[in-house]
>>> print(open('protein.txt').read())   # compact mmCIF, C-alpha atoms and all ligand atoms
# COMPACT_ATOMS: atom_id res chain seq x y z
CA MET U 811 92.79 71.45 105.82
CA ARG U 812 93.71 74.00 103.15
CA HIS U 813 97.05 75.54 102.26
CA LEU U 814 97.87 78.39 99.88
CA MET U 815 100.60 77.44 97.42
CA SER U 816 99.37 79.27 94.31
CA PRO U 817 96.64 81.82 93.56
CA MET U 818 95.01 79.01 91.53
CA ASP U 819 94.24 77.23 94.81
CA PHE U 820 91.21 79.53 95.06
CA SER U 821 88.49 79.61 92.42
CA VAL U 822 87.39 82.99 91.04
CA GLU U 823 84.29 82.76 93.25
CA GLU U 824 86.39 82.01 96.34
CA LEU U 825 88.68 84.93 95.50
CA GLU U 826 85.64 87.21 95.29
CA LYS U 827 84.53 86.04 98.74
CA LEU U 828 88.03 86.57 100.11
CA MET U 829 88.17 90.11 98.71
CA ASP U 830 84.68 90.86 100.02
CA LEU U 831 85.83 89.72 103.46
CA ALA U 832 88.94 91.93 103.18
CA GLY U 833 86.65 94.84 102.28
CA ASP U 834 84.52 94.23 105.37
CA ILE U 835 87.65 94.00 107.54
CA GLU U 836 88.78 97.38 106.17
CA LYS U 837 85.42 98.97 107.00
CA ASN U 838 84.83 97.24 110.37
CA PRO U 839 88.21 96.39 111.92
CA GLU U 840 86.80 96.25 115.48
CA LYS U 841 84.46 93.39 114.47
CA TYR U 842 87.53 91.20 113.80
CA ALA U 843 89.80 92.41 116.62
CA HIS U 844 89.50 89.19 118.67
CA ALA U 845 88.64 86.70 115.94
CA CYS U 846 91.95 84.82 116.33
CA ALA U 847 92.33 85.09 120.11
CA GLY U 848 94.36 82.08 121.29
CA LYS U 849 95.67 81.32 117.78
CA LYS U 850 99.34 81.52 116.78
CA LEU U 851 100.94 82.36 113.43
CA ALA U 852 104.52 81.25 112.72
CA THR U 853 106.51 83.10 110.07
CA LEU U 854 109.30 80.90 108.66
CA PHE U 855 111.39 83.17 106.47
CA TYR U 856 114.50 81.64 104.92
CA GLU U 857 114.85 84.74 102.70
CA PRO U 858 114.77 88.48 103.51
CA SER U 859 111.43 90.29 103.63
CA THR U 860 109.90 93.44 105.01
CA ARG U 861 106.31 93.55 103.74
CA THR U 862 105.34 89.91 103.45
CA ARG U 863 106.58 88.84 106.88
CA LEU U 864 105.48 91.92 108.77
CA SER U 865 102.10 92.17 107.04
CA HIS U 866 101.32 88.55 107.94
CA GLU U 867 102.33 89.35 111.50
CA ALA U 868 100.30 92.60 111.51
CA ALA U 869 97.34 90.66 110.12
CA MET U 870 97.46 88.08 112.93
CA LEU U 871 97.97 90.74 115.61
CA ASN U 872 95.02 92.75 114.20
CA LEU U 873 92.92 89.60 114.59
CA GLY U 874 93.88 89.27 118.27
CA GLY U 875 96.24 86.33 117.74
CA SER U 876 99.94 85.88 118.52
CA ILE U 877 103.05 85.52 116.37
CA MET U 878 106.38 83.70 116.44
CA GLY U 879 109.01 82.83 113.88
CA PHE U 880 112.40 83.42 112.36
CA SER U 881 113.47 85.92 109.73
CA SER U 882 116.53 84.21 108.28
CA ALA U 883 117.73 80.66 107.74
CA ASP U 884 120.83 81.55 109.78
CA SER U 885 118.78 82.08 112.94
CA SER U 886 116.99 78.72 112.61
CA SER U 887 118.17 75.11 112.75
CA ALA U 888 118.23 75.12 108.93
CA SER U 889 121.78 76.44 109.48
CA LYS U 890 122.55 73.11 111.20
CA GLY U 891 121.16 71.17 108.25
CA GLU U 892 117.55 70.59 109.34
CA SER U 893 115.19 69.78 106.47
CA VAL U 894 112.05 71.75 105.63
CA SER U 895 109.94 68.67 106.40
CA ASP U 896 111.39 68.30 109.90
CA THR U 897 111.05 72.03 110.54
CA ILE U 898 107.37 72.02 109.60
CA ARG U 899 106.72 68.97 111.79
CA THR U 900 108.21 71.01 114.63
CA ILE U 901 106.23 74.16 113.88
CA SER U 902 103.03 72.11 113.66
CA CYS U 903 103.48 71.44 117.42
CA TYR U 904 103.78 75.13 118.24
CA ALA U 905 101.51 77.15 115.92
CA ASP U 906 98.07 77.03 114.28
CA ILE U 907 99.10 78.38 110.87
CA CYS U 908 102.36 79.39 109.20
CA ALA U 909 103.71 81.49 106.35
CA MET U 910 106.91 80.27 104.69
CA ARG U 911 109.31 82.07 102.34
CA HIS U 912 112.12 80.02 100.86
CA PRO U 913 114.71 80.56 98.10
CA LYS U 914 113.99 77.11 96.63
CA GLU U 915 111.00 76.69 94.31
CA GLY U 916 108.60 74.14 95.79
CA ALA U 917 109.87 74.27 99.40
CA PRO U 918 106.47 75.40 100.79
CA MET U 919 104.86 72.55 98.82
CA VAL U 920 107.21 70.09 100.56
CA ALA U 921 106.26 71.71 103.86
CA CYS U 922 102.53 71.38 103.35
CA ARG U 923 102.89 67.63 102.67
CA HIS U 924 104.37 67.16 106.17
CA SER U 925 102.32 69.75 107.99
CA SER U 926 99.33 69.41 110.26
CA ILE U 927 98.63 73.16 110.09
CA PRO U 928 97.79 75.38 107.07
CA VAL U 929 100.90 76.56 105.19
CA ILE U 930 100.94 79.83 103.25
CA ASN U 931 103.52 80.15 100.49
CA ALA U 932 105.06 83.58 101.16
CA GLY U 933 107.29 83.35 98.06
CA ASP U 934 109.32 80.40 96.75
CA GLY U 935 112.36 81.26 94.65
CA GLY U 936 111.44 82.59 91.21
CA HIS U 937 108.21 80.56 91.19
CA GLN U 938 105.14 82.01 92.93
CA HIS U 939 104.11 84.64 95.47
CA PRO U 940 100.38 84.01 95.95
CA THR U 941 99.70 86.39 98.86
CA GLN U 942 101.23 89.23 96.82
CA THR U 943 98.80 88.26 94.05
CA LEU U 944 95.86 88.37 96.46
CA THR U 945 97.09 91.83 97.46
CA ASP U 946 97.39 92.89 93.81
CA LEU U 947 93.93 91.61 92.90
CA LEU U 948 92.33 93.41 95.83
CA THR U 949 94.21 96.59 94.93
CA ILE U 950 93.16 96.45 91.28
CA ARG U 951 89.53 95.68 92.16
CA SER U 952 89.46 98.51 94.71
CA LEU U 953 91.01 101.05 92.33
CA LYS U 954 89.31 100.07 89.06
CA GLY U 955 86.08 98.57 90.42
CA HIS U 956 86.55 95.31 88.47
CA LEU U 957 89.19 92.78 87.44
CA GLY U 958 88.52 92.01 83.77
CA ASN U 959 88.54 94.03 80.55
CA MET U 960 91.80 95.88 80.87
CA THR U 961 95.25 96.14 79.35
CA ILE U 962 97.97 95.52 81.89
CA GLY U 963 101.62 96.38 81.35
CA LEU U 964 104.07 94.15 83.22
CA CYS U 965 107.45 95.83 83.27
CA GLY U 966 110.95 94.83 84.38
CA ASP U 967 112.28 91.45 85.39
CA LEU U 968 109.64 89.14 83.96
CA LYS U 969 112.04 86.18 83.99
CA PHE U 970 112.72 85.94 87.72
CA GLY U 971 109.88 88.07 89.12
CA ARG U 972 107.63 85.61 90.97
CA THR U 973 105.00 88.28 91.65
CA VAL U 974 104.44 88.65 87.91
CA HIS U 975 104.25 84.88 87.39
CA SER U 976 101.57 84.51 90.07
CA LEU U 977 99.65 87.57 88.87
CA ILE U 978 99.47 86.27 85.28
CA HIS U 979 98.14 82.90 86.47
CA ALA U 980 95.43 84.68 88.47
CA LEU U 981 94.40 87.33 85.92
CA VAL U 982 93.98 85.07 82.89
CA ARG U 983 90.83 83.74 84.53
CA TYR U 984 89.07 87.09 84.03
CA PRO U 985 87.50 88.04 80.68
CA GLY U 986 89.00 90.73 78.46
CA ILE U 987 92.51 90.75 79.97
CA ARG U 988 95.35 91.77 77.65
CA PHE U 989 99.01 92.00 78.62
CA VAL U 990 101.89 94.08 77.37
CA MET U 991 105.14 92.44 78.52
CA ILE U 992 107.79 95.15 78.82
CA SER U 993 111.27 93.75 79.39
CA PRO U 994 114.75 93.53 77.96
CA GLU U 995 115.32 90.44 75.83
CA GLU U 996 117.29 88.71 78.61
CA LEU U 997 114.53 89.15 81.19
CA ARG U 998 111.55 88.02 79.08
CA LEU U 999 108.72 86.02 80.62
CA PRO U 1000 109.69 82.30 80.76
CA GLY U 1001 108.54 80.29 77.75
CA TYR U 1002 106.54 77.84 79.89
CA ILE U 1003 104.29 80.65 81.15
CA ARG U 1004 103.79 82.00 77.63
CA SER U 1005 102.89 78.56 76.24
CA ASP U 1006 101.17 76.87 79.20
CA VAL U 1007 99.23 79.87 80.49
CA LEU U 1008 98.86 82.64 77.90
CA ASP U 1009 98.76 80.67 74.65
CA LYS U 1010 96.71 77.85 76.14
CA LYS U 1011 94.02 80.29 77.23
CA ASN U 1012 94.28 82.45 74.10
CA VAL U 1013 95.10 85.50 76.17
CA PRO U 1014 96.28 88.33 73.90
CA TYR U 1015 99.71 89.76 74.72
CA GLU U 1016 102.57 91.56 73.05
CA GLU U 1017 106.20 91.87 74.07
CA VAL U 1018 107.97 95.22 73.81
CA VAL U 1019 111.29 96.56 75.02
CA ARG U 1020 110.55 100.30 75.32
CA LEU U 1021 108.33 101.39 78.23
CA GLU U 1022 107.55 104.64 76.40
CA ASP U 1023 105.91 102.71 73.54
CA ALA U 1024 103.57 100.85 75.87
CA LEU U 1025 102.55 103.60 78.29
CA PRO U 1026 99.85 105.39 76.22
CA ASN U 1027 97.76 102.22 75.86
CA LEU U 1028 97.71 100.85 79.41
CA ASP U 1029 94.97 100.73 82.04
CA LEU U 1030 97.47 99.57 84.64
CA LEU U 1031 101.25 99.41 84.88
CA TYR U 1032 102.83 96.79 87.16
CA MET U 1033 106.48 97.70 87.71
CA THR U 1034 108.97 95.21 89.11
CA ARG U 1035 112.49 95.26 90.48
CA VAL U 1036 115.32 93.44 88.75
CA GLN U 1037 115.76 90.43 91.07
CA LYS U 1038 119.41 90.78 92.07
CA GLU U 1039 119.30 87.64 94.26
CA ARG U 1040 118.39 85.39 91.31
CA PHE U 1041 121.29 86.44 89.00
CA PHE U 1042 124.24 84.11 88.61
CA ASN U 1043 126.73 86.94 88.24
CA GLU U 1044 126.92 90.53 89.47
CA GLU U 1045 127.97 91.86 86.04
CA ASP U 1046 124.68 90.84 84.39
CA TYR U 1047 122.69 92.38 87.24
CA VAL U 1048 124.57 95.68 87.02
CA ARG U 1049 123.92 95.80 83.27
CA MET U 1050 120.18 95.23 83.72
CA LYS U 1051 119.33 96.97 86.97
CA ASP U 1052 118.53 100.44 85.63
CA PHE U 1053 117.06 99.35 82.29
CA TYR U 1054 113.71 100.91 83.26
CA ILE U 1055 113.22 104.01 85.34
CA LEU U 1056 109.65 105.32 85.47
CA ASP U 1057 109.72 109.04 86.23
CA ALA U 1058 107.31 111.99 86.20
CA LYS U 1059 108.24 112.84 82.61
CA LYS U 1060 107.35 109.33 81.35
CA MET U 1061 104.11 109.44 83.36
CA GLU U 1062 103.01 112.29 81.05
CA LEU U 1063 102.70 109.64 78.30
CA ALA U 1064 100.28 107.54 80.34
CA PRO U 1065 96.48 107.84 80.48
CA LYS U 1066 95.07 109.92 83.32
CA ASP U 1067 93.48 106.83 84.90
CA MET U 1068 96.45 104.44 84.55
CA TYR U 1069 97.43 103.29 88.02
CA VAL U 1070 100.99 102.23 88.82
CA LEU U 1071 101.46 99.19 91.04
CA HIS U 1072 104.68 97.67 92.36
CA PRO U 1073 105.02 94.80 94.84
CA LEU U 1074 107.98 96.64 96.42
CA PRO U 1075 110.74 96.91 97.46
CA ARG U 1076 111.69 99.33 94.69
CA VAL U 1077 115.27 100.15 93.91
CA ASN U 1078 115.59 102.65 91.02
CA GLU U 1079 112.80 101.53 88.72
CA ILE U 1080 110.32 104.13 89.99
CA SER U 1081 111.71 107.58 90.61
CA VAL U 1082 110.52 109.23 93.84
CA ASP U 1083 109.07 112.06 91.73
CA VAL U 1084 106.26 109.65 90.77
CA ASP U 1085 105.24 109.09 94.42
CA SER U 1086 103.06 112.22 94.58
CA ASP U 1087 101.23 111.39 91.33
CA PRO U 1088 97.65 110.34 92.23
CA ARG U 1089 98.11 107.35 89.90
CA ALA U 1090 100.95 105.97 92.06
CA ALA U 1091 99.15 103.23 93.98
CA TYR U 1092 102.06 101.17 95.33
CA PHE U 1093 101.88 102.46 98.89
CA ARG U 1094 98.10 101.91 99.05
CA GLN U 1095 98.81 98.40 97.71
CA MET U 1096 100.82 97.60 100.89
CA GLN U 1097 97.84 98.48 103.08
CA TYR U 1098 95.54 96.23 101.05
CA GLY U 1099 98.08 93.48 101.74
CA VAL U 1100 97.23 93.53 105.43
CA TYR U 1101 93.44 93.32 104.87
CA ILE U 1102 93.70 90.43 102.41
CA ARG U 1103 96.09 88.49 104.66
CA MET U 1104 93.66 88.96 107.57
CA ALA U 1105 90.93 87.54 105.32
CA LEU U 1106 93.23 84.68 104.27
CA ILE U 1107 94.14 83.71 107.85
CA LEU U 1108 90.45 83.65 108.85
CA THR U 1109 89.58 81.58 105.79
CA LEU U 1110 92.37 79.00 106.21
CA LEU U 1111 91.60 78.67 109.93
CA GLU U 1112 87.88 78.36 109.06
CA ILE U 1113 86.94 81.12 111.48
CA ASN U 1114 83.63 82.83 110.72
CA VAL U 1115 82.94 86.18 112.33
N1 LIG U 1201 106.40 92.37 98.08
C1 LIG U 1201 107.27 91.65 98.82
O1 LIG U 1201 107.33 90.42 98.74
O2 LIG U 1201 108.04 92.42 99.66
P1 LIG U 1201 109.07 91.85 100.73
O3 LIG U 1201 110.17 91.16 99.98
O4 LIG U 1201 109.52 93.04 101.51
O5 LIG U 1201 108.32 90.86 101.56
>>> encode(input="protein.txt", output="structure tokens", more="lines below")
Ligand code: CP
Amino acid sequence: MRHLMSPMDFSVEELEKLMDLAGDIEKNPEKYAHACAGKKLATLFYEPSTRTRLSHEAAMLNLGGSIMGFSSADSSSASKGESVSDTIRTISCYADICAMRHPKEGAPMVACRHSSIPVINAGDGGHQHPTQTLTDLLTIRSLKGHLGNMTIGLCGDLKFGRTVHSLIHALVRYPGIRFVMISPEELRLPGYIRSDVLDKKNVPYEEVVRLEDALPNLDLLYMTRVQKERFFNEEDYVRMKDFYILDAKKMELAPKDMYVLHPLPRVNEISVDVDSDPRAAYFRQMQYGVYIRMALILTLLEINV
């Protein structure tokens, strides 16, 4: 039985197969409409979510399966003190597969050790968000036609942003990837990712503070929200929250084929005047998230169509 804890759980070849399957699902949705008939997905969300929870649920419903779950710790027996390991033992009796989001790093890993069904990490604290990474990879491959040989700007909260951490782990496996890390000093990428992932693999990167300096040289810009929920005090968050605001004027500095991605939700970091720019790809990205999660559910349940 397989789980998904990190994008590294799939080899590059397996990721290609997963993305090919997502592409076929996009083209032939009717072929997959009953693939998961009789199967149940449980969504165990101890933290708020719109896209990740509902796109997993949409994915299972599109495959003809059923869904159940909770959307906050308060509405589950976690509020009475139940452990993650006991909860997953319970869910293993009710569902065939589950997606778990938890504020504590490693909680889905604890779950998978006590689970008899596949567990998908739907985001654990500031650590990883592998299904967002699968979404991002599919989006980049669909827009650019390939995944290597490009300069990618990662902008915003690189310290707490788990989507960025997962994406870096996944992208360093492709040749010719260069990163420009765009963040204020206090929100720089954690040292362990710089040393254990980037330096170890000799991946070229630079760190800059000004978005305007980076924009002319990027093939792709990945914007992120400042992660309010991970700050220890409100004052620091307020000081940082509007550090970057990408607007139509700044987009004039960017190449004509530089796509803008964002895992969403956005707050102020992308002005709505960018939404109509053909390079704004963050809403298309959400749709790719459904196709790749359909492909993931089929793969983890070992269902061949
Ligand atoms: N991208 C993402 O994780 O969005 P949600 O928090 O809405 O699930």
>>> closest_atom_pairs(input="protein.txt", of="chain U", to="ligand LIG 1201 (chain U)", cutoff="12 Å", atoms="all atoms listed in the file", output="JSON lines")
{"residue": "U:Thr853", "atom": "CA", "partner": "U:LIG1201", "partner_atom": "O5", "distance": 11.7}
{"residue": "U:Phe855", "atom": "CA", "partner": "U:LIG1201", "partner_atom": "O5", "distance": 9.6}
{"residue": "U:Tyr856", "atom": "CA", "partner": "U:LIG1201", "partner_atom": "O3", "distance": 11.6}
{"residue": "U:Glu857", "atom": "CA", "partner": "U:LIG1201", "partner_atom": "O3", "distance": 8.4}
{"residue": "U:Pro858", "atom": "CA", "partner": "U:LIG1201", "partner_atom": "O3", "distance": 6.4}
{"residue": "U:Ser859", "atom": "CA", "partner": "U:LIG1201", "partner_atom": "O5", "distance": 3.8}
{"residue": "U:Thr860", "atom": "CA", "partner": "U:LIG1201", "partner_atom": "O4", "distance": 3.5}
{"residue": "U:Arg861", "atom": "CA", "partner": "U:LIG1201", "partner_atom": "O4", "distance": 3.9}
{"residue": "U:Thr862", "atom": "CA", "partner": "U:LIG1201", "partner_atom": "O5", "distance": 3.7}
{"residue": "U:Arg863", "atom": "CA", "partner": "U:LIG1201", "partner_atom": "O5", "distance": 6.0}
{"residue": "U:Leu864", "atom": "CA", "partner": "U:LIG1201", "partner_atom": "O5", "distance": 7.8}
{"residue": "U:Ser865", "atom": "CA", "partner": "U:LIG1201", "partner_atom": "O5", "distance": 8.4}
{"residue": "U:His866", "atom": "CA", "partner": "U:LIG1201", "partner_atom": "O5", "distance": 9.7}
{"residue": "U:Glu867", "atom": "CA", "partner": "U:LIG1201", "partner_atom": "O5", "distance": 11.7}
{"residue": "U:Ser881", "atom": "CA", "partner": "U:LIG1201", "partner_atom": "O5", "distance": 10.8}
{"residue": "U:Ala909", "atom": "CA", "partner": "U:LIG1201", "partner_atom": "O5", "distance": 11.5}
{"residue": "U:Met910", "atom": "CA", "partner": "U:LIG1201", "partner_atom": "O5", "distance": 11.1}
{"residue": "U:Arg911", "atom": "CA", "partner": "U:LIG1201", "partner_atom": "O5", "distance": 8.9}
{"residue": "U:His912", "atom": "CA", "partner": "U:LIG1201", "partner_atom": "O3", "distance": 11.3}
{"residue": "U:Pro913", "atom": "CA", "partner": "U:LIG1201", "partner_atom": "O3", "distance": 11.7}
{"residue": "U:Asn931", "atom": "CA", "partner": "U:LIG1201", "partner_atom": "O1", "distance": 11.1}
{"residue": "U:Ala932", "atom": "CA", "partner": "U:LIG1201", "partner_atom": "O1", "distance": 7.6}
{"residue": "U:Gly933", "atom": "CA", "partner": "U:LIG1201", "partner_atom": "O1", "distance": 7.1}
{"residue": "U:Asp934", "atom": "CA", "partner": "U:LIG1201", "partner_atom": "O1", "distance": 10.4}
{"residue": "U:Gly935", "atom": "CA", "partner": "U:LIG1201", "partner_atom": "O1", "distance": 11.2}
{"residue": "U:Gly936", "atom": "CA", "partner": "U:LIG1201", "partner_atom": "O1", "distance": 11.6}
{"residue": "U:Gln938", "atom": "CA", "partner": "U:LIG1201", "partner_atom": "O1", "distance": 10.5}
{"residue": "U:His939", "atom": "CA", "partner": "U:LIG1201", "partner_atom": "O1", "distance": 7.4}
{"residue": "U:Pro940", "atom": "CA", "partner": "U:LIG1201", "partner_atom": "O1", "distance": 9.9}
{"residue": "U:Thr941", "atom": "CA", "partner": "U:LIG1201", "partner_atom": "O1", "distance": 8.6}
{"residue": "U:Gln942", "atom": "CA", "partner": "U:LIG1201", "partner_atom": "N1", "distance": 6.2}
{"residue": "U:Thr943", "atom": "CA", "partner": "U:LIG1201", "partner_atom": "N1", "distance": 9.5}
{"residue": "U:Leu944", "atom": "CA", "partner": "U:LIG1201", "partner_atom": "N1", "distance": 11.4}
{"residue": "U:Thr945", "atom": "CA", "partner": "U:LIG1201", "partner_atom": "N1", "distance": 9.3}
{"residue": "U:Asp946", "atom": "CA", "partner": "U:LIG1201", "partner_atom": "N1", "distance": 10.0}
{"residue": "U:Gly971", "atom": "CA", "partner": "U:LIG1201", "partner_atom": "O1", "distance": 10.2}
{"residue": "U:Arg972", "atom": "CA", "partner": "U:LIG1201", "partner_atom": "O1", "distance": 9.1}
{"residue": "U:Thr973", "atom": "CA", "partner": "U:LIG1201", "partner_atom": "N1", "distance": 7.7}
{"residue": "U:Val974", "atom": "CA", "partner": "U:LIG1201", "partner_atom": "N1", "distance": 11.0}
{"residue": "U:Ser976", "atom": "CA", "partner": "U:LIG1201", "partner_atom": "O1", "distance": 12.0}
{"residue": "U:Met1033", "atom": "CA", "partner": "U:LIG1201", "partner_atom": "N1", "distance": 11.7}
{"residue": "U:Thr1034", "atom": "CA", "partner": "U:LIG1201", "partner_atom": "N1", "distance": 9.8}
{"residue": "U:Arg1035", "atom": "CA", "partner": "U:LIG1201", "partner_atom": "N1", "distance": 10.2}
{"residue": "U:Gln1037", "atom": "CA", "partner": "U:LIG1201", "partner_atom": "O3", "distance": 10.5}
{"residue": "U:Glu1039", "atom": "CA", "partner": "U:LIG1201", "partner_atom": "O3", "distance": 11.3}
{"residue": "U:Leu1071", "atom": "CA", "partner": "U:LIG1201", "partner_atom": "N1", "distance": 11.0}
{"residue": "U:His1072", "atom": "CA", "partner": "U:LIG1201", "partner_atom": "N1", "distance": 8.0}
{"residue": "U:Pro1073", "atom": "CA", "partner": "U:LIG1201", "partner_atom": "N1", "distance": 4.3}
{"residue": "U:Leu1074", "atom": "CA", "partner": "U:LIG1201", "partner_atom": "N1", "distance": 4.8}
{"residue": "U:Pro1075", "atom": "CA", "partner": "U:LIG1201", "partner_atom": "O2", "distance": 5.7}
{"residue": "U:Arg1076", "atom": "CA", "partner": "U:LIG1201", "partner_atom": "O2", "distance": 9.3}
{"residue": "U:Val1077", "atom": "CA", "partner": "U:LIG1201", "partner_atom": "O4", "distance": 11.9}
{"residue": "U:Tyr1092", "atom": "CA", "partner": "U:LIG1201", "partner_atom": "N1", "distance": 10.2}
{"residue": "U:Phe1093", "atom": "CA", "partner": "U:LIG1201", "partner_atom": "N1", "distance": 11.1}
{"residue": "U:Gln1095", "atom": "CA", "partner": "U:LIG1201", "partner_atom": "N1", "distance": 9.7}
{"residue": "U:Met1096", "atom": "CA", "partner": "U:LIG1201", "partner_atom": "N1", "distance": 8.1}
{"residue": "U:Gln1097", "atom": "CA", "partner": "U:LIG1201", "partner_atom": "N1", "distance": 11.6}
{"residue": "U:Tyr1098", "atom": "CA", "partner": "U:LIG1201", "partner_atom": "N1", "distance": 11.9}
{"residue": "U:Gly1099", "atom": "CA", "partner": "U:LIG1201", "partner_atom": "N1", "distance": 9.2}
{"residue": "U:Val1100", "atom": "CA", "partner": "U:LIG1201", "partner_atom": "N1", "distance": 11.8}
>>> residues_near_point(input="protein.txt", point="(86.3, 92.5, 117.5)", cutoff="12 Å", atoms="all atoms listed in the file", output="list of chain:residue names")
U:Ile835, U:Asn838, U:Pro839, U:Glu840, U:Lys841, U:Tyr842, U:Ala843, U:His844, U:Ala845, U:Cys846, U:Ala847, U:Leu871, U:Asn872, U:Leu873, U:Gly874, U:Gly875, U:Val1115
>>> atom_distance(input="protein.txt", atom1="atom CA of Asp1006 of chain U", atom2="atom CA of Glu824 of chain U")
23.2 Å
>>> axis_aligned_box(input="protein.txt", around="segment 842-852 of chain U", padding_each_side="4 Å", output="AutoDock Vina command-line options")
--center_x 96.0 --center_y 86.8 --center_z 117.0 --size_x 25.0 --size_y 19.2 --size_z 16.6
>>> residues_around(input="protein.txt", residues="Phe989 of chain U", least_positions_apart="6", cutoff="10 Å", atoms="only C-alpha atoms", output="JSON list (two decimals) with C-alpha atoms, in the coordinates of the input")
[["chain", "number", "residue", "atom", "x", "y", "z"],
["U", 960, "MET", "CA", 91.80, 95.88, 80.87],
["U", 961, "THR", "CA", 95.25, 96.14, 79.35],
["U", 962, "ILE", "CA", 97.97, 95.52, 81.89],
["U", 963, "GLY", "CA", 101.62, 96.38, 81.35],
["U", 964, "LEU", "CA", 104.07, 94.15, 83.22],
["U", 978, "ILE", "CA", 99.47, 86.27, 85.28],
["U", 981, "LEU", "CA", 94.40, 87.33, 85.92],
["U", 982, "VAL", "CA", 93.98, 85.07, 82.89],
["U", 1008, "LEU", "CA", 98.86, 82.64, 77.90],
["U", 1013, "VAL", "CA", 95.10, 85.50, 76.17],
["U", 1014, "PRO", "CA", 96.28, 88.33, 73.90],
["U", 1015, "TYR", "CA", 99.71, 89.76, 74.72],
["U", 1016, "GLU", "CA", 102.57, 91.56, 73.05],
["U", 1017, "GLU", "CA", 106.20, 91.87, 74.07],
["U", 1028, "LEU", "CA", 97.71, 100.85, 79.41],
["U", 1030, "LEU", "CA", 97.47, 99.57, 84.64],
["U", 1031, "LEU", "CA", 101.25, 99.41, 84.88]]
